[in-house]
Amino acid sequence: MSLFSRPNYLKIFGKKKDIPQGLWIKCKNCEAIVHKKEIEENLMACPKCSFLYPLGSKQRIKSLVDEGTFTEMFENLQSGDPLNFIDSKPYAKRQKEAQASTGLKDAVITGTGKIHSIDVGLGIMDFAYMGGSMGSVVGEKITRIIEYAVDNKLPVIILSSSGGARMQESTLSLMQMAKTSAALGRLRTANLPFISILTHPTTGGTTASFATLGDIIIAEPKALIGFAGPRVIQQTIKQDLPDGFQKSEFLLEHGMIDMIIERKDMRNTLGFILNFLMHDTLNGSKPEQPEKQTPAVKPSDTQQSFGDKKSPVIKTAHPVKSHGTPSAKITIEKNGRKKSSDQPHTQKITIESKPVGKP
Ligand SMILES: [Zn+2]
């Protein structure tokens with residue numbers, strides 16, 4: 001009887017591998033099923049929960065600088081293998097593989113570009129290249145871009161994403177910590193600002209050198225930032241670590257960083273800060289003197305204040321802890337001059353400085 005017979009549906013033959021892979025992904029954090037393209041268009045952030053996935057250095061540059069303004073510098077520097085180091089495989093082979101898989105020569109891209117029409121020296125690290133480890137080339141490129149910035153009176157922005165010093169270069173990689181820090185010292189003497197951006201993860205020798213020497217230190221939400229890993233610390237001090245230890249939010253609360261900025265807001269925040277800090281240089285004018293009726297924020301008004309009060313360098317002051325929730329705007333104050341942005345999640349920064357570019 002036709003009522004009970006099986007209808008002749010069209011049979012589809014296909015193997016599993018014929019189905020396009022990876023169009024949709026399950027978010028690691030909120031478990032929502034999200035279209036991969038949607039995440040890519042959102043700078044590798046989950047559109048549902050804002051969880052951040054790794055973002056390569058080239059996409060980073062694209063997301064930060066004005067279109068078509070980036071010029072790469074020192075791009076031909078490549079690490080040698082002075083120690084003929086072999087771990088599970090020779091260092092030279094490891095590097096060739098990393099170069100083939102990432103299309104990069106080493107773990108940082110350096111160059112110049114414009115952000116909101118302001119010229120900057122840029123160093124953008126890439127975790128995909130040997131865990132963003134800092135060897136001789138990373139240290140040299142970062143040092144060179146800082147020196148170029150000193151010579152050309154540019155502010156410097158370095159975005160870190162690094163597992164620390166490159167073990168395969170042993171002492172040579174550790175020397176980069178001193179070299180990059182010394183170069184930043186010269187930038188500081190020239191009274192030019194250094195903005196450090198810490199992304200997930202920023203650890204080891206990178207944290208212990210240039211990454212935490214920023215005049216303004218910005219972190220991405222929930223980034224792991226520290227020197228040694230939590231397990232090593234726990235074994236050493238034999239104590240339980242507090243919740244959220246080494247995460248951006250914990251470090252902000254304890255005064256280690258100045259602000260936490262979402263990836264999508266990073267470019268505008270940088271533009272806002274640069275515009276303010278470089279205002280005097282760009283307009284060729286002297287900085288305004290503080291007005292008598294506008295008292296500058298005293299160190300005692302803030303949770304923490306670093307450096308000598310009389311020092312001519314830029315310094316930042318952290319928010320009063322009793323504020324509880326961070327204020328809804330960035331407020332920058334420099335020599336009594338104030339400016340606020342519409343960016344959320346951030347704090348008040350106080351800056352005292354001499355004319356930029358004039359030591
Ligand atoms: Zn999510």
# chains A, B, ... in the order shown; residues from 1 in each chain; ligands from 1
call {"tool": "residues_near_ligand", "arguments": {"ligand": "ligand 1", "cutoff": "8 Å", "atoms": "only C-alpha atoms and all ligand atoms", "output": "PyMOL selection string"}}
result
chain A and resi 26-32+34+45-51
call {"tool": "write_last_selection", "arguments": {"atoms": "N, CA and C atoms", "output": "PDB file, in the first residue's frame"}}
result
ATOM      1  N   LYS A  26      32.441  27.606  17.985  1.00  0.00           N
ATOM      2  CA  LYS A  26      31.795  27.692  19.293  1.00  0.00           C
ATOM      3  C   LYS A  26      32.697  28.536  20.174  1.00  0.00           C
ATOM      4  N   CYS A  27      32.176  29.627  20.701  1.00  0.00           N
ATOM      5  CA  CYS A  27      32.997  30.529  21.512  1.00  0.00           C
ATOM      6  C   CYS A  27      33.515  29.786  22.742  1.00  0.00           C
ATOM      7  N   LYS A  28      34.813  29.887  22.956  1.00  0.00           N
ATOM      8  CA  LYS A  28      35.470  29.224  24.086  1.00  0.00           C
ATOM      9  C   LYS A  28      34.916  29.717  25.423  1.00  0.00           C
ATOM     10  N   ASN A  29      34.440  30.943  25.423  1.00  0.00           N
ATOM     11  CA  ASN A  29      34.024  31.559  26.677  1.00  0.00           C
ATOM     12  C   ASN A  29      32.526  31.408  26.940  1.00  0.00           C
ATOM     13  N   CYS A  30      31.682  31.858  25.966  1.00  0.00           N
ATOM     14  CA  CYS A  30      30.241  31.854  26.225  1.00  0.00           C
ATOM     15  C   CYS A  30      29.547  30.679  25.539  1.00  0.00           C
ATOM     16  N   GLU A  31      30.309  29.908  24.748  1.00  0.00           N
ATOM     17  CA  GLU A  31      29.811  28.728  24.053  1.00  0.00           C
ATOM     18  C   GLU A  31      28.750  29.027  23.003  1.00  0.00           C
ATOM     19  N   ALA A  32      28.599  30.282  22.645  1.00  0.00           N
ATOM     20  CA  ALA A  32      27.656  30.627  21.573  1.00  0.00           C
ATOM     21  C   ALA A  32      28.256  30.185  20.234  1.00  0.00           C
ATOM     22  N   VAL A  34      29.082  31.083  16.733  1.00  0.00           N
ATOM     23  CA  VAL A  34      29.249  32.366  16.054  1.00  0.00           C
ATOM     24  C   VAL A  34      29.896  32.144  14.697  1.00  0.00           C
ATOM     25  N   ALA A  45      37.125  39.423  18.239  1.00  0.00           N
ATOM     26  CA  ALA A  45      36.449  39.433  19.539  1.00  0.00           C
ATOM     27  C   ALA A  45      35.077  38.798  19.355  1.00  0.00           C
ATOM     28  N   CYS A  46      34.640  37.981  20.329  1.00  0.00           N
ATOM     29  CA  CYS A  46      33.322  37.355  20.230  1.00  0.00           C
ATOM     30  C   CYS A  46      32.239  38.432  20.261  1.00  0.00           C
ATOM     31  N   PRO A  47      31.359  38.470  19.253  1.00  0.00           N
ATOM     32  CA  PRO A  47      30.327  39.504  19.249  1.00  0.00           C
ATOM     33  C   PRO A  47      29.303  39.340  20.370  1.00  0.00           C
ATOM     34  N   LYS A  48      29.243  38.109  20.942  1.00  0.00           N
ATOM     35  CA  LYS A  48      28.258  37.876  22.007  1.00  0.00           C
ATOM     36  C   LYS A  48      28.804  38.275  23.383  1.00  0.00           C
ATOM     37  N   CYS A  49      30.084  37.885  23.665  1.00  0.00           N
ATOM     38  CA  CYS A  49      30.593  38.095  25.029  1.00  0.00           C
ATOM     39  C   CYS A  49      31.884  38.912  25.079  1.00  0.00           C
ATOM     40  N   SER A  50      32.364  39.395  23.929  1.00  0.00           N
ATOM     41  CA  SER A  50      33.593  40.197  23.844  1.00  0.00           C
ATOM     42  C   SER A  50      34.869  39.441  24.201  1.00  0.00           C
ATOM     43  N   PHE A  51      34.789  38.106  24.265  1.00  0.00           N
ATOM     44  CA  PHE A  51      36.005  37.321  24.533  1.00  0.00           C
ATOM     45  C   PHE A  51      37.003  37.564  23.392  1.00  0.00           C
TER      46      PHE A  51
END
call {"tool": "residues_around", "arguments": {"residues": "region 142-158 of chain A", "least_positions_apart": "3", "cutoff": "6 Å", "atoms": "only C-alpha atoms", "output": "number ranges by chain"}}
result
A: 120-124, 139, 180, 183, 187, 192-196, 357
call {"tool": "residues_around", "arguments": {"residues": "Glu72 (chain A)", "least_positions_apart": "2", "cutoff": "9 Å", "atoms": "only C-alpha atoms", "output": "list in words"}}
result
Phe70, Phe74, Glu75, Ile109, Thr110, Gly111, Thr112 and Gly113 of chain A
call {"tool": "atom_distance", "arguments": {"atom1": "CA of His116 (chain A)", "atom2": "CA of Arg60 (chain A)"}}
result
15.5 Å
call {"tool": "residues_around", "arguments": {"residues": "Thr102 (chain A)", "least_positions_apart": "4", "cutoff": "7 Å", "atoms": "only C-alpha atoms", "output": "number ranges by chain"}}
result
A: 98, 128-129
call {"tool": "closest_residue", "arguments": {"among": "A:Leu55, A:Gly185, A:Leu77, A:Ser101", "to": "Ser160 (chain A)", "atoms": "only C-alpha atoms"}}
result
A:Leu55
call {"tool": "residues_around", "arguments": {"residues": "region 211-223 of chain A", "least_positions_apart": "4", "cutoff": "7 Å", "atoms": "only C-alpha atoms", "output": "list in words"}}
result
Ser160, Pro193, Phe194, Ile195, Ser196, Ile197, Leu198, Thr199, His200, Pro201, Thr206, Thr207, Lys247, Ser248, Glu249, Ile257, Asp258, Met259, Ile260, Ile261, Glu262, Arg263, Ile314, Lys315 and Thr316 of chain A
call {"tool": "select_by_dssp", "arguments": {"residues": "region 82-267 of chain A", "states": "alpha helix (DSSP H)", "output": "ChimeraX atom specification"}}
result
/A:91-102,136-152,170-189,204-207,230-237,248-253,266-267
call {"tool": "residues_around", "arguments": {"residues": "Gln95 (chain A)", "least_positions_apart": "4", "cutoff": "9 Å", "atoms": "only C-alpha atoms", "output": "list in words"}}
result
Ser79, Pro90, Tyr91, Gln99, Ala100, Lys105, Asp106, Tyr129 and Met130 of chain A
call {"tool": "write_last_selection", "arguments": {"atoms": "N, CA and C atoms", "output": "short mmCIF file (atom, residue, chain, number, x, y, z; two decimals), in the first residue's frame"}}
result
data_model
loop_
_atom_site.label_atom_id
_atom_site.label_comp_id
_atom_site.auth_asym_id
_atom_site.auth_seq_id
_atom_site.Cartn_x
_atom_site.Cartn_y
_atom_site.Cartn_z
N SER A 79 67.24 36.79 12.85
CA SER A 79 68.12 36.23 13.87
C SER A 79 69.08 35.23 13.25
N PRO A 90 66.57 21.99 15.86
CA PRO A 90 67.52 23.11 15.79
C PRO A 90 66.80 24.45 15.71
N TYR A 91 67.39 25.46 16.34
CA TYR A 91 66.81 26.80 16.37
C TYR A 91 66.62 27.34 14.95
N GLN A 99 58.75 31.33 10.24
CA GLN A 99 58.68 32.30 9.14
C GLN A 99 57.69 31.83 8.07
N ALA A 100 57.73 30.53 7.80
CA ALA A 100 56.82 29.99 6.78
C ALA A 100 55.37 30.06 7.23
N LYS A 105 59.33 37.85 9.59
CA LYS A 105 60.76 37.54 9.71
C LYS A 105 61.13 37.29 11.17
N ASP A 106 60.40 37.93 12.08
CA ASP A 106 60.59 37.68 13.50
C ASP A 106 59.33 38.14 14.25
N TYR A 129 54.56 34.07 16.20
CA TYR A 129 55.95 33.77 15.87
C TYR A 129 56.70 33.37 17.13
N MET A 130 56.92 32.09 17.31
CA MET A 130 57.64 31.54 18.46
C MET A 130 57.19 32.16 19.79
#
call {"tool": "atom_distance", "arguments": {"atom1": "CA of Asp119 (chain A)", "atom2": "CA of Asn275 (chain A)"}}
result
10.4 Å
